Amino acid sequence: MGPPGAGKGTQAKILAEKYNLIHLSTGDMLRNEIQKKTAIGLKAQSYMNGGNLVPDSILLSIMKNTLTSLKDSGTIVDGFPRTIPQAEGLSLIVENLHSKIDYVLNIHVEEKILIQRLIERAQNSGRADDTEEVITKRQKVYAQLTAPLVDFYSNNIIQIDGDGSIEQVTQRILEQIQ
Ligand code: AMP
């Protein structure tokens, strides 16, 4: 977990390679649906372009199907859950699969630094939601809907300082999970 620009995707990719995990990024999965012009993609597009979250029912259905099909494969989920109903839904999915969540990592970075990072990323990302206006909106949505998950997972959340180089942040994560 972490706000947009915290480095979730970058760190998830590194951990997936190191521990041979399947990397599931809900943002990438949704962008893929949009590219393929599927029914889900068409529904998701306007929410994403406006910096809003795609409805919980869509995400829960995608994740239920995907996690069920992956069964026992080790997975790192990046960008999900993003709301309390998604977290509750994930608990149920995991329980039904007789599986468990080993770690919840929350990468935190000051908002000023996040906005700067995202504006820089916008120059190359080609993402429709990387404009200054939508970037600000996504931070607001995060604070309102996703930040409360820190309390939801208060028993097992690991806080990671995301201010620093990619390597420094990876090192901080590895120190906490090894
Ligand atoms: P990301 O690539 O993680 O920054 O996600 C990009 C956009 O995809 C978000 O701003 C949301 O519109 C949508 N999205 C990704 N994951 C979720 C989720 N778990 N719940 C709702 N919307 C999501």
# chains A, B, ... in the order shown; residues from 1 in each chain; ligands from 1
$ closest_atom_pairs --of "chain A" --to "ligand 1" --cutoff "6 Å" --atoms "only C-alpha atoms and all ligand atoms" --output "Markdown table"
| residue | atom | partner | partner_atom_place_in_ligand_line | distance |
| --- | --- | --- | --- | --- |
| A:Pro4 | CA | ligand 1 | 4 (O) | 5.5 |
| A:Thr26 | CA | ligand 1 | 16 (N) | 4.4 |
| A:Gly27 | CA | ligand 1 | 2 (O) | 3.5 |
| A:Asp28 | CA | ligand 1 | 2 (O) | 5.8 |
| A:Tyr47 | CA | ligand 1 | 12 (O) | 5.6 |
| A:Met48 | CA | ligand 1 | 12 (O) | 3.6 |
| A:Gly51 | CA | ligand 1 | 10 (O) | 5.0 |
| A:Asn52 | CA | ligand 1 | 12 (O) | 4.9 |
| A:Leu53 | CA | ligand 1 | 22 (N) | 3.7 |
| A:Val54 | CA | ligand 1 | 22 (N) | 3.9 |
| A:Pro55 | CA | ligand 1 | 21 (C) | 6.0 |
| A:Leu59 | CA | ligand 1 | 20 (N) | 5.8 |
| A:Gly79 | CA | ligand 1 | 3 (O) | 4.6 |
| A:Phe80 | CA | ligand 1 | 19 (N) | 3.9 |
| A:Pro81 | CA | ligand 1 | 19 (N) | 4.9 |
| A:Arg82 | CA | ligand 1 | 19 (N) | 4.6 |
$ select_by_dssp --residues "chain A" --states "alpha helix (DSSP H)" --output "ChimeraX atom specification"
/A:8-19,26-35,39-49,56-70,84-96,111-125,132-141,149-152,166-177
$ atom_distance --atom1 "CA of Leu118 in chain A" --atom2 "CA of Ile158 in chain A"
23.8 Å
$ closest_residue --among "A:Glu167, A:Gln176, A:Ala44, A:Ile160" --to "Ile107 in chain A" --atoms "only C-alpha atoms"
A:Ile160
$ closest_residue --among "A:Gly50, A:Gly74, A:Gly41, A:Pro3" --to "Tyr103 in chain A" --atoms "only C-alpha atoms"
A:Gly74
$ residues_around --residues "Asn65 in chain A" --least-positions-apart "6" --cutoff "12 Å" --atoms "only C-alpha atoms" --output "PyMOL selection string"
chain A and resi 58-59+71+90+93-94+97
$ write_last_selection --atoms "all heavy atoms" --output "PDB file, in the first residue's frame"
ATOM      1  N   ILE A  58     -16.257  -4.125  -9.033  1.00  0.00           N
ATOM      2  CA  ILE A  58     -15.442  -4.533 -10.200  1.00  0.00           C
ATOM      3  C   ILE A  58     -14.107  -5.099  -9.720  1.00  0.00           C
ATOM      4  O   ILE A  58     -13.672  -6.181 -10.142  1.00  0.00           O
ATOM      5  CB  ILE A  58     -15.204  -3.334 -11.151  1.00  0.00           C
ATOM      6  CG1 ILE A  58     -16.534  -2.849 -11.716  1.00  0.00           C
ATOM      7  CG2 ILE A  58     -14.206  -3.691 -12.252  1.00  0.00           C
ATOM      8  CD1 ILE A  58     -16.418  -1.728 -12.740  1.00  0.00           C
ATOM      9  N   LEU A  59     -13.470  -4.369  -8.784  1.00  0.00           N
ATOM     10  CA  LEU A  59     -12.158  -4.821  -8.302  1.00  0.00           C
ATOM     11  C   LEU A  59     -12.266  -6.154  -7.573  1.00  0.00           C
ATOM     12  O   LEU A  59     -11.430  -7.044  -7.749  1.00  0.00           O
ATOM     13  CB  LEU A  59     -11.571  -3.756  -7.355  1.00  0.00           C
ATOM     14  CG  LEU A  59     -10.657  -2.715  -7.997  1.00  0.00           C
ATOM     15  CD1 LEU A  59      -9.419  -3.379  -8.581  1.00  0.00           C
ATOM     16  CD2 LEU A  59     -11.346  -1.923  -9.083  1.00  0.00           C
ATOM     17  N   LYS A  71      -4.429 -19.863  -7.174  1.00  0.00           N
ATOM     18  CA  LYS A  71      -4.386 -20.818  -6.049  1.00  0.00           C
ATOM     19  C   LYS A  71      -3.199 -20.563  -5.113  1.00  0.00           C
ATOM     20  O   LYS A  71      -3.148 -19.532  -4.468  1.00  0.00           O
ATOM     21  CB  LYS A  71      -4.388 -22.249  -6.570  1.00  0.00           C
ATOM     22  CG  LYS A  71      -5.724 -22.631  -7.184  1.00  0.00           C
ATOM     23  CD  LYS A  71      -6.009 -24.120  -6.993  1.00  0.00           C
ATOM     24  CE  LYS A  71      -7.395 -24.464  -7.465  1.00  0.00           C
ATOM     25  NZ  LYS A  71      -7.515 -24.426  -8.944  1.00  0.00           N
ATOM     26  N   LEU A  90     -11.168  -8.898   0.470  1.00  0.00           N
ATOM     27  CA  LEU A  90      -9.917  -9.656   0.327  1.00  0.00           C
ATOM     28  C   LEU A  90      -9.777 -10.662   1.467  1.00  0.00           C
ATOM     29  O   LEU A  90      -9.362 -11.805   1.242  1.00  0.00           O
ATOM     30  CB  LEU A  90      -8.714  -8.703   0.291  1.00  0.00           C
ATOM     31  CG  LEU A  90      -7.345  -9.375   0.189  1.00  0.00           C
ATOM     32  CD1 LEU A  90      -7.222 -10.195  -1.101  1.00  0.00           C
ATOM     33  CD2 LEU A  90      -6.213  -8.356   0.263  1.00  0.00           C
ATOM     34  N   ILE A  93     -11.855 -13.590   0.536  1.00  0.00           N
ATOM     35  CA  ILE A  93     -11.272 -14.359  -0.580  1.00  0.00           C
ATOM     36  C   ILE A  93     -10.136 -15.237  -0.045  1.00  0.00           C
ATOM     37  O   ILE A  93     -10.047 -16.435  -0.322  1.00  0.00           O
ATOM     38  CB  ILE A  93     -10.733 -13.413  -1.694  1.00  0.00           C
ATOM     39  CG1 ILE A  93     -11.865 -12.612  -2.331  1.00  0.00           C
ATOM     40  CG2 ILE A  93      -9.955 -14.192  -2.757  1.00  0.00           C
ATOM     41  CD1 ILE A  93     -11.410 -11.476  -3.259  1.00  0.00           C
ATOM     42  N   VAL A  94      -9.276 -14.628   0.763  1.00  0.00           N
ATOM     43  CA  VAL A  94      -8.105 -15.329   1.283  1.00  0.00           C
ATOM     44  C   VAL A  94      -8.545 -16.488   2.193  1.00  0.00           C
ATOM     45  O   VAL A  94      -8.002 -17.598   2.128  1.00  0.00           O
ATOM     46  CB  VAL A  94      -7.192 -14.314   2.031  1.00  0.00           C
ATOM     47  CG1 VAL A  94      -6.143 -15.025   2.863  1.00  0.00           C
ATOM     48  CG2 VAL A  94      -6.539 -13.368   1.040  1.00  0.00           C
ATOM     49  N   LEU A  97      -9.814 -19.391   0.276  1.00  0.00           N
ATOM     50  CA  LEU A  97      -8.742 -20.122  -0.412  1.00  0.00           C
ATOM     51  C   LEU A  97      -7.838 -20.851   0.595  1.00  0.00           C
ATOM     52  O   LEU A  97      -6.840 -21.451   0.204  1.00  0.00           O
ATOM     53  CB  LEU A  97      -7.889 -19.154  -1.248  1.00  0.00           C
ATOM     54  CG  LEU A  97      -8.572 -18.548  -2.477  1.00  0.00           C
ATOM     55  CD1 LEU A  97      -7.697 -17.466  -3.106  1.00  0.00           C
ATOM     56  CD2 LEU A  97      -8.867 -19.639  -3.508  1.00  0.00           C
TER      57      LEU A  97
END
$ residues_around --residues "Ile157 in chain A" --least-positions-apart "3" --cutoff "9 Å" --atoms "only C-alpha atoms" --output "PDB file with N, CA, C and O atoms, in the first residue's frame"
ATOM      1  N   TYR A 103       2.340 -10.334   4.728  1.00  0.00           N
ATOM      2  CA  TYR A 103       2.805  -8.991   5.089  1.00  0.00           C
ATOM      3  C   TYR A 103       1.902  -7.939   4.452  1.00  0.00           C
ATOM      4  O   TYR A 103       1.471  -8.098   3.310  1.00  0.00           O
ATOM      5  N   VAL A 104       1.681  -6.873   5.203  1.00  0.00           N
ATOM      6  CA  VAL A 104       1.054  -5.679   4.630  1.00  0.00           C
ATOM      7  C   VAL A 104       2.094  -4.565   4.752  1.00  0.00           C
ATOM      8  O   VAL A 104       2.509  -4.215   5.859  1.00  0.00           O
ATOM      9  N   LEU A 105       2.542  -4.079   3.611  1.00  0.00           N
ATOM     10  CA  LEU A 105       3.564  -3.028   3.618  1.00  0.00           C
ATOM     11  C   LEU A 105       2.923  -1.708   3.225  1.00  0.00           C
ATOM     12  O   LEU A 105       2.176  -1.651   2.246  1.00  0.00           O
ATOM     13  N   ASN A 106       3.201  -0.681   3.971  1.00  0.00           N
ATOM     14  CA  ASN A 106       2.689   0.641   3.623  1.00  0.00           C
ATOM     15  C   ASN A 106       3.872   1.579   3.398  1.00  0.00           C
ATOM     16  O   ASN A 106       4.630   1.870   4.319  1.00  0.00           O
ATOM     17  N   VAL A 150      -4.795   1.830   6.962  1.00  0.00           N
ATOM     18  CA  VAL A 150      -3.687   1.706   7.915  1.00  0.00           C
ATOM     19  C   VAL A 150      -4.247   1.242   9.263  1.00  0.00           C
ATOM     20  O   VAL A 150      -3.655   0.391   9.930  1.00  0.00           O
ATOM     21  N   ASP A 151      -5.400   1.754   9.631  1.00  0.00           N
ATOM     22  CA  ASP A 151      -6.034   1.311  10.888  1.00  0.00           C
ATOM     23  C   ASP A 151      -6.597  -0.098  10.736  1.00  0.00           C
ATOM     24  O   ASP A 151      -6.509  -0.907  11.647  1.00  0.00           O
ATOM     25  N   TYR A 153      -5.491  -2.504   9.056  1.00  0.00           N
ATOM     26  CA  TYR A 153      -4.416  -3.503   9.154  1.00  0.00           C
ATOM     27  C   TYR A 153      -3.466  -3.205  10.317  1.00  0.00           C
ATOM     28  O   TYR A 153      -2.318  -3.657  10.293  1.00  0.00           O
ATOM     29  N   SER A 154      -3.948  -2.457  11.311  1.00  0.00           N
ATOM     30  CA  SER A 154      -3.024  -1.971  12.346  1.00  0.00           C
ATOM     31  C   SER A 154      -2.278  -3.113  13.055  1.00  0.00           C
ATOM     32  O   SER A 154      -1.166  -2.919  13.545  1.00  0.00           O
TER      33      SER A 154
END
$ select_by_dssp --residues "range 35-112 of chain A" --states "strand (DSSP E)" --output "JSON, numbers by chain"
{"A": [75, 76, 77, 78, 104, 105, 106, 107, 108]}
$ atom_distance --atom1 "CA of Asp56 in chain A" --atom2 "CA of Ile173 in chain A"
28.3 Å
$ closest_residue --among "A:Thr68, A:Asn49, A:Ser99, A:Thr83" --to "Leu149 in chain A" --atoms "only C-alpha atoms"
A:Thr83
$ atom_distance --atom1 "CA of Gly5 in chain A" --atom2 "CA of Ser125 in chain A"
12.2 Å
$ closest_residue --among "A:Asp78, A:Leu145, A:Lys37, A:Gly7" --to "Leu24 in chain A" --atoms "only C-alpha atoms"
A:Asp78
$ closest_residue --among "A:Ile177, A:Val141, A:Ala6, A:Leu42" --to "Ser165 in chain A" --atoms "only C-alpha atoms"
A:Ala6
$ residues_around --residues "Arg172 in chain A" --least-positions-apart "6" --cutoff "10 Å" --atoms "only C-alpha atoms" --output "MDAnalysis selection string"
chainID A and resid 159:162
$ write_last_selection --atoms "N, CA, C and O atoms" --output "mmCIF file, in the first residue's frame"
data_model
loop_
_atom_site.group_PDB
_atom_site.id
_atom_site.type_symbol
_atom_site.label_atom_id
_atom_site.label_comp_id
_atom_site.auth_asym_id
_atom_site.auth_seq_id
_atom_site.Cartn_x
_atom_site.Cartn_y
_atom_site.Cartn_z
ATOM 1 N N GLN A 159 5.374 -0.331 8.341
ATOM 2 C CA GLN A 159 5.530 1.010 7.773
ATOM 3 C C GLN A 159 6.917 1.161 7.154
ATOM 4 O O GLN A 159 7.918 0.832 7.788
ATOM 5 N N ILE A 160 6.948 1.637 5.915
ATOM 6 C CA ILE A 160 8.220 1.812 5.205
ATOM 7 C C ILE A 160 8.361 3.283 4.801
ATOM 8 O O ILE A 160 7.462 3.846 4.162
ATOM 9 N N ASP A 161 9.500 3.867 5.149
ATOM 10 C CA ASP A 161 9.773 5.242 4.723
ATOM 11 C C ASP A 161 10.169 5.187 3.241
ATOM 12 O O ASP A 161 11.172 4.587 2.878
ATOM 13 N N GLY A 162 9.337 5.811 2.387
ATOM 14 C CA GLY A 162 9.560 5.727 0.946
ATOM 15 C C GLY A 162 10.342 6.894 0.377
ATOM 16 O O GLY A 162 10.452 7.047 -0.837
#
$ residues_around --residues "Gln11 in chain A" --least-positions-apart "3" --cutoff "8 Å" --atoms "only C-alpha atoms" --output "list in words"
Gly7, Lys8, Ile14, Leu15, Ile166, Val169 and Thr170 of chain A
$ decode --residues "range 45-92 of chain A" --atoms "N, CA and C atoms" --output "PDB file, in the first residue's frame"
ATOM      1  N   GLN A  45     -12.589   3.162 -17.414  1.00  0.00           N
ATOM      2  CA  GLN A  45     -11.827   4.252 -18.013  1.00  0.00           C
ATOM      3  C   GLN A  45     -12.167   5.644 -17.454  1.00  0.00           C
ATOM      4  N   SER A  46     -13.465   5.944 -17.354  1.00  0.00           N
ATOM      5  CA  SER A  46     -13.812   7.309 -16.954  1.00  0.00           C
ATOM      6  C   SER A  46     -13.446   7.546 -15.488  1.00  0.00           C
ATOM      7  N   TYR A  47     -13.579   6.519 -14.659  1.00  0.00           N
ATOM      8  CA  TYR A  47     -13.176   6.679 -13.251  1.00  0.00           C
ATOM      9  C   TYR A  47     -11.674   6.964 -13.186  1.00  0.00           C
ATOM     10  N   MET A  48     -10.909   6.168 -13.917  1.00  0.00           N
ATOM     11  CA  MET A  48      -9.446   6.297 -13.849  1.00  0.00           C
ATOM     12  C   MET A  48      -8.983   7.636 -14.401  1.00  0.00           C
ATOM     13  N   ASN A  49      -9.542   8.031 -15.525  1.00  0.00           N
ATOM     14  CA  ASN A  49      -9.104   9.298 -16.120  1.00  0.00           C
ATOM     15  C   ASN A  49      -9.421  10.482 -15.225  1.00  0.00           C
ATOM     16  N   GLY A  50     -10.463  10.345 -14.398  1.00  0.00           N
ATOM     17  CA  GLY A  50     -10.822  11.442 -13.499  1.00  0.00           C
ATOM     18  C   GLY A  50     -10.097  11.365 -12.161  1.00  0.00           C
ATOM     19  N   GLY A  51      -9.284  10.338 -11.970  1.00  0.00           N
ATOM     20  CA  GLY A  51      -8.546  10.211 -10.711  1.00  0.00           C
ATOM     21  C   GLY A  51      -9.371   9.562  -9.615  1.00  0.00           C
ATOM     22  N   ASN A  52     -10.525   9.001  -9.988  1.00  0.00           N
ATOM     23  CA  ASN A  52     -11.377   8.338  -8.997  1.00  0.00           C
ATOM     24  C   ASN A  52     -11.091   6.847  -8.953  1.00  0.00           C
ATOM     25  N   LEU A  53     -11.551   6.217  -7.874  1.00  0.00           N
ATOM     26  CA  LEU A  53     -11.401   4.765  -7.791  1.00  0.00           C
ATOM     27  C   LEU A  53     -12.477   4.089  -8.620  1.00  0.00           C
ATOM     28  N   VAL A  54     -12.127   2.980  -9.222  1.00  0.00           N
ATOM     29  CA  VAL A  54     -13.072   2.135  -9.945  1.00  0.00           C
ATOM     30  C   VAL A  54     -13.922   1.440  -8.858  1.00  0.00           C
ATOM     31  N   PRO A  55     -15.236   1.233  -9.110  1.00  0.00           N
ATOM     32  CA  PRO A  55     -16.087   0.673  -8.053  1.00  0.00           C
ATOM     33  C   PRO A  55     -15.554  -0.636  -7.454  1.00  0.00           C
ATOM     34  N   ASP A  56     -15.792  -0.766  -6.147  1.00  0.00           N
ATOM     35  CA  ASP A  56     -15.309  -1.933  -5.403  1.00  0.00           C
ATOM     36  C   ASP A  56     -15.776  -3.248  -6.026  1.00  0.00           C
ATOM     37  N   SER A  57     -17.039  -3.275  -6.503  1.00  0.00           N
ATOM     38  CA  SER A  57     -17.583  -4.536  -7.017  1.00  0.00           C
ATOM     39  C   SER A  57     -16.734  -5.043  -8.188  1.00  0.00           C
ATOM     40  N   ILE A  58     -16.257  -4.125  -9.033  1.00  0.00           N
ATOM     41  CA  ILE A  58     -15.442  -4.533 -10.200  1.00  0.00           C
ATOM     42  C   ILE A  58     -14.107  -5.099  -9.720  1.00  0.00           C
ATOM     43  N   LEU A  59     -13.470  -4.369  -8.784  1.00  0.00           N
ATOM     44  CA  LEU A  59     -12.158  -4.821  -8.302  1.00  0.00           C
ATOM     45  C   LEU A  59     -12.266  -6.154  -7.573  1.00  0.00           C
ATOM     46  N   LEU A  60     -13.315  -6.296  -6.778  1.00  0.00           N
ATOM     47  CA  LEU A  60     -13.450  -7.539  -6.009  1.00  0.00           C
ATOM     48  C   LEU A  60     -13.690  -8.724  -6.925  1.00  0.00           C
ATOM     49  N   SER A  61     -14.455  -8.482  -7.986  1.00  0.00           N
ATOM     50  CA  SER A  61     -14.705  -9.578  -8.907  1.00  0.00           C
ATOM     51  C   SER A  61     -13.409  -9.961  -9.651  1.00  0.00           C
ATOM     52  N   ILE A  62     -12.657  -8.964 -10.112  1.00  0.00           N
ATOM     53  CA  ILE A  62     -11.382  -9.257 -10.808  1.00  0.00           C
ATOM     54  C   ILE A  62     -10.443 -10.014  -9.868  1.00  0.00           C
ATOM     55  N   MET A  63     -10.314  -9.522  -8.624  1.00  0.00           N
ATOM     56  CA  MET A  63      -9.335 -10.122  -7.715  1.00  0.00           C
ATOM     57  C   MET A  63      -9.757 -11.512  -7.259  1.00  0.00           C
ATOM     58  N   LYS A  64     -11.068 -11.699  -7.089  1.00  0.00           N
ATOM     59  CA  LYS A  64     -11.530 -13.027  -6.682  1.00  0.00           C
ATOM     60  C   LYS A  64     -11.165 -14.044  -7.772  1.00  0.00           C
ATOM     61  N   ASN A  65     -11.487 -13.679  -9.023  1.00  0.00           N
ATOM     62  CA  ASN A  65     -11.186 -14.598 -10.128  1.00  0.00           C
ATOM     63  C   ASN A  65      -9.690 -14.846 -10.255  1.00  0.00           C
ATOM     64  N   THR A  66      -8.916 -13.763 -10.170  1.00  0.00           N
ATOM     65  CA  THR A  66      -7.478 -13.908 -10.402  1.00  0.00           C
ATOM     66  C   THR A  66      -6.825 -14.706  -9.277  1.00  0.00           C
ATOM     67  N   LEU A  67      -7.122 -14.344  -8.031  1.00  0.00           N
ATOM     68  CA  LEU A  67      -6.467 -15.041  -6.914  1.00  0.00           C
ATOM     69  C   LEU A  67      -6.905 -16.507  -6.861  1.00  0.00           C
ATOM     70  N   THR A  68      -8.162 -16.763  -7.208  1.00  0.00           N
ATOM     71  CA  THR A  68      -8.637 -18.144  -7.194  1.00  0.00           C
ATOM     72  C   THR A  68      -7.914 -18.954  -8.268  1.00  0.00           C
ATOM     73  N   SER A  69      -7.714 -18.337  -9.435  1.00  0.00           N
ATOM     74  CA  SER A  69      -7.052 -19.100 -10.504  1.00  0.00           C
ATOM     75  C   SER A  69      -5.567 -19.316 -10.183  1.00  0.00           C
ATOM     76  N   LEU A  70      -4.993 -18.422  -9.371  1.00  0.00           N
ATOM     77  CA  LEU A  70      -3.564 -18.586  -9.045  1.00  0.00           C
ATOM     78  C   LEU A  70      -3.342 -19.580  -7.913  1.00  0.00           C
ATOM     79  N   LYS A  71      -4.429 -19.863  -7.174  1.00  0.00           N
ATOM     80  CA  LYS A  71      -4.386 -20.818  -6.049  1.00  0.00           C
ATOM     81  C   LYS A  71      -3.199 -20.563  -5.113  1.00  0.00           C
ATOM     82  N   ASP A  72      -2.245 -21.496  -5.066  1.00  0.00           N
ATOM     83  CA  ASP A  72      -1.209 -21.399  -4.046  1.00  0.00           C
ATOM     84  C   ASP A  72       0.029 -20.612  -4.464  1.00  0.00           C
ATOM     85  N   SER A  73      -0.009 -20.002  -5.649  1.00  0.00           N
ATOM     86  CA  SER A  73       1.199 -19.285  -6.065  1.00  0.00           C
ATOM     87  C   SER A  73       1.404 -18.093  -5.141  1.00  0.00           C
ATOM     88  N   GLY A  74       2.629 -17.854  -4.764  1.00  0.00           N
ATOM     89  CA  GLY A  74       2.933 -16.670  -3.959  1.00  0.00           C
ATOM     90  C   GLY A  74       2.678 -15.425  -4.795  1.00  0.00           C
ATOM     91  N   THR A  75       2.013 -14.469  -4.192  1.00  0.00           N
ATOM     92  CA  THR A  75       1.586 -13.296  -4.954  1.00  0.00           C
ATOM     93  C   THR A  75       1.907 -12.029  -4.192  1.00  0.00           C
ATOM     94  N   ILE A  76       2.313 -10.993  -4.921  1.00  0.00           N
ATOM     95  CA  ILE A  76       2.412  -9.676  -4.304  1.00  0.00           C
ATOM     96  C   ILE A  76       1.387  -8.784  -4.997  1.00  0.00           C
ATOM     97  N   VAL A  77       0.495  -8.232  -4.216  1.00  0.00           N
ATOM     98  CA  VAL A  77      -0.602  -7.437  -4.775  1.00  0.00           C
ATOM     99  C   VAL A  77      -0.268  -5.963  -4.588  1.00  0.00           C
ATOM    100  N   ASP A  78      -0.314  -5.237  -5.686  1.00  0.00           N
ATOM    101  CA  ASP A  78       0.118  -3.829  -5.678  1.00  0.00           C
ATOM    102  C   ASP A  78      -1.060  -2.955  -6.104  1.00  0.00           C
ATOM    103  N   GLY A  79      -1.528  -2.126  -5.186  1.00  0.00           N
ATOM    104  CA  GLY A  79      -2.638  -1.223  -5.514  1.00  0.00           C
ATOM    105  C   GLY A  79      -3.996  -1.772  -5.116  1.00  0.00           C
ATOM    106  N   PHE A  80      -4.024  -2.818  -4.355  1.00  0.00           N
ATOM    107  CA  PHE A  80      -5.262  -3.428  -3.878  1.00  0.00           C
ATOM    108  C   PHE A  80      -4.974  -4.073  -2.534  1.00  0.00           C
ATOM    109  N   PRO A  81      -5.825  -3.920  -1.517  1.00  0.00           N
ATOM    110  CA  PRO A  81      -7.079  -3.172  -1.506  1.00  0.00           C
ATOM    111  C   PRO A  81      -6.842  -1.662  -1.383  1.00  0.00           C
ATOM    112  N   ARG A  82      -7.834  -0.899  -1.815  1.00  0.00           N
ATOM    113  CA  ARG A  82      -7.723   0.549  -1.736  1.00  0.00           C
ATOM    114  C   ARG A  82      -8.878   1.166  -0.949  1.00  0.00           C
ATOM    115  N   THR A  83      -9.795   0.334  -0.481  1.00  0.00           N
ATOM    116  CA  THR A  83     -10.906   0.829   0.347  1.00  0.00           C
ATOM    117  C   THR A  83     -11.169  -0.231   1.418  1.00  0.00           C
ATOM    118  N   ILE A  84     -11.914   0.171   2.449  1.00  0.00           N
ATOM    119  CA  ILE A  84     -12.258  -0.795   3.504  1.00  0.00           C
ATOM    120  C   ILE A  84     -13.091  -1.959   2.917  1.00  0.00           C
ATOM    121  N   PRO A  85     -14.135  -1.707   2.109  1.00  0.00           N
ATOM    122  CA  PRO A  85     -14.863  -2.861   1.551  1.00  0.00           C
ATOM    123  C   PRO A  85     -13.960  -3.796   0.741  1.00  0.00           C
ATOM    124  N   GLN A  86     -12.961  -3.256   0.045  1.00  0.00           N
ATOM    125  CA  GLN A  86     -12.037  -4.133  -0.690  1.00  0.00           C
ATOM    126  C   GLN A  86     -11.207  -4.973   0.281  1.00  0.00           C
ATOM    127  N   ALA A  87     -10.788  -4.355   1.388  1.00  0.00           N
ATOM    128  CA  ALA A  87      -9.982  -5.093   2.367  1.00  0.00           C
ATOM    129  C   ALA A  87     -10.825  -6.195   3.006  1.00  0.00           C
ATOM    130  N   GLU A  88     -12.086  -5.880   3.298  1.00  0.00           N
ATOM    131  CA  GLU A  88     -12.967  -6.901   3.880  1.00  0.00           C
ATOM    132  C   GLU A  88     -13.181  -8.034   2.873  1.00  0.00           C
ATOM    133  N   GLY A  89     -13.388  -7.655   1.613  1.00  0.00           N
ATOM    134  CA  GLY A  89     -13.576  -8.653   0.554  1.00  0.00           C
ATOM    135  C   GLY A  89     -12.339  -9.516   0.392  1.00  0.00           C
ATOM    136  N   LEU A  90     -11.168  -8.898   0.470  1.00  0.00           N
ATOM    137  CA  LEU A  90      -9.917  -9.656   0.327  1.00  0.00           C
ATOM    138  C   LEU A  90      -9.777 -10.662   1.467  1.00  0.00           C
ATOM    139  N   SER A  91     -10.150 -10.246   2.687  1.00  0.00           N
ATOM    140  CA  SER A  91     -10.060 -11.182   3.820  1.00  0.00           C
ATOM    141  C   SER A  91     -10.892 -12.429   3.529  1.00  0.00           C
ATOM    142  N   LEU A  92     -12.082 -12.219   2.990  1.00  0.00           N
ATOM    143  CA  LEU A  92     -12.964 -13.358   2.679  1.00  0.00           C
ATOM    144  C   LEU A  92     -12.375 -14.250   1.588  1.00  0.00           C
TER     145      LEU A  92
END
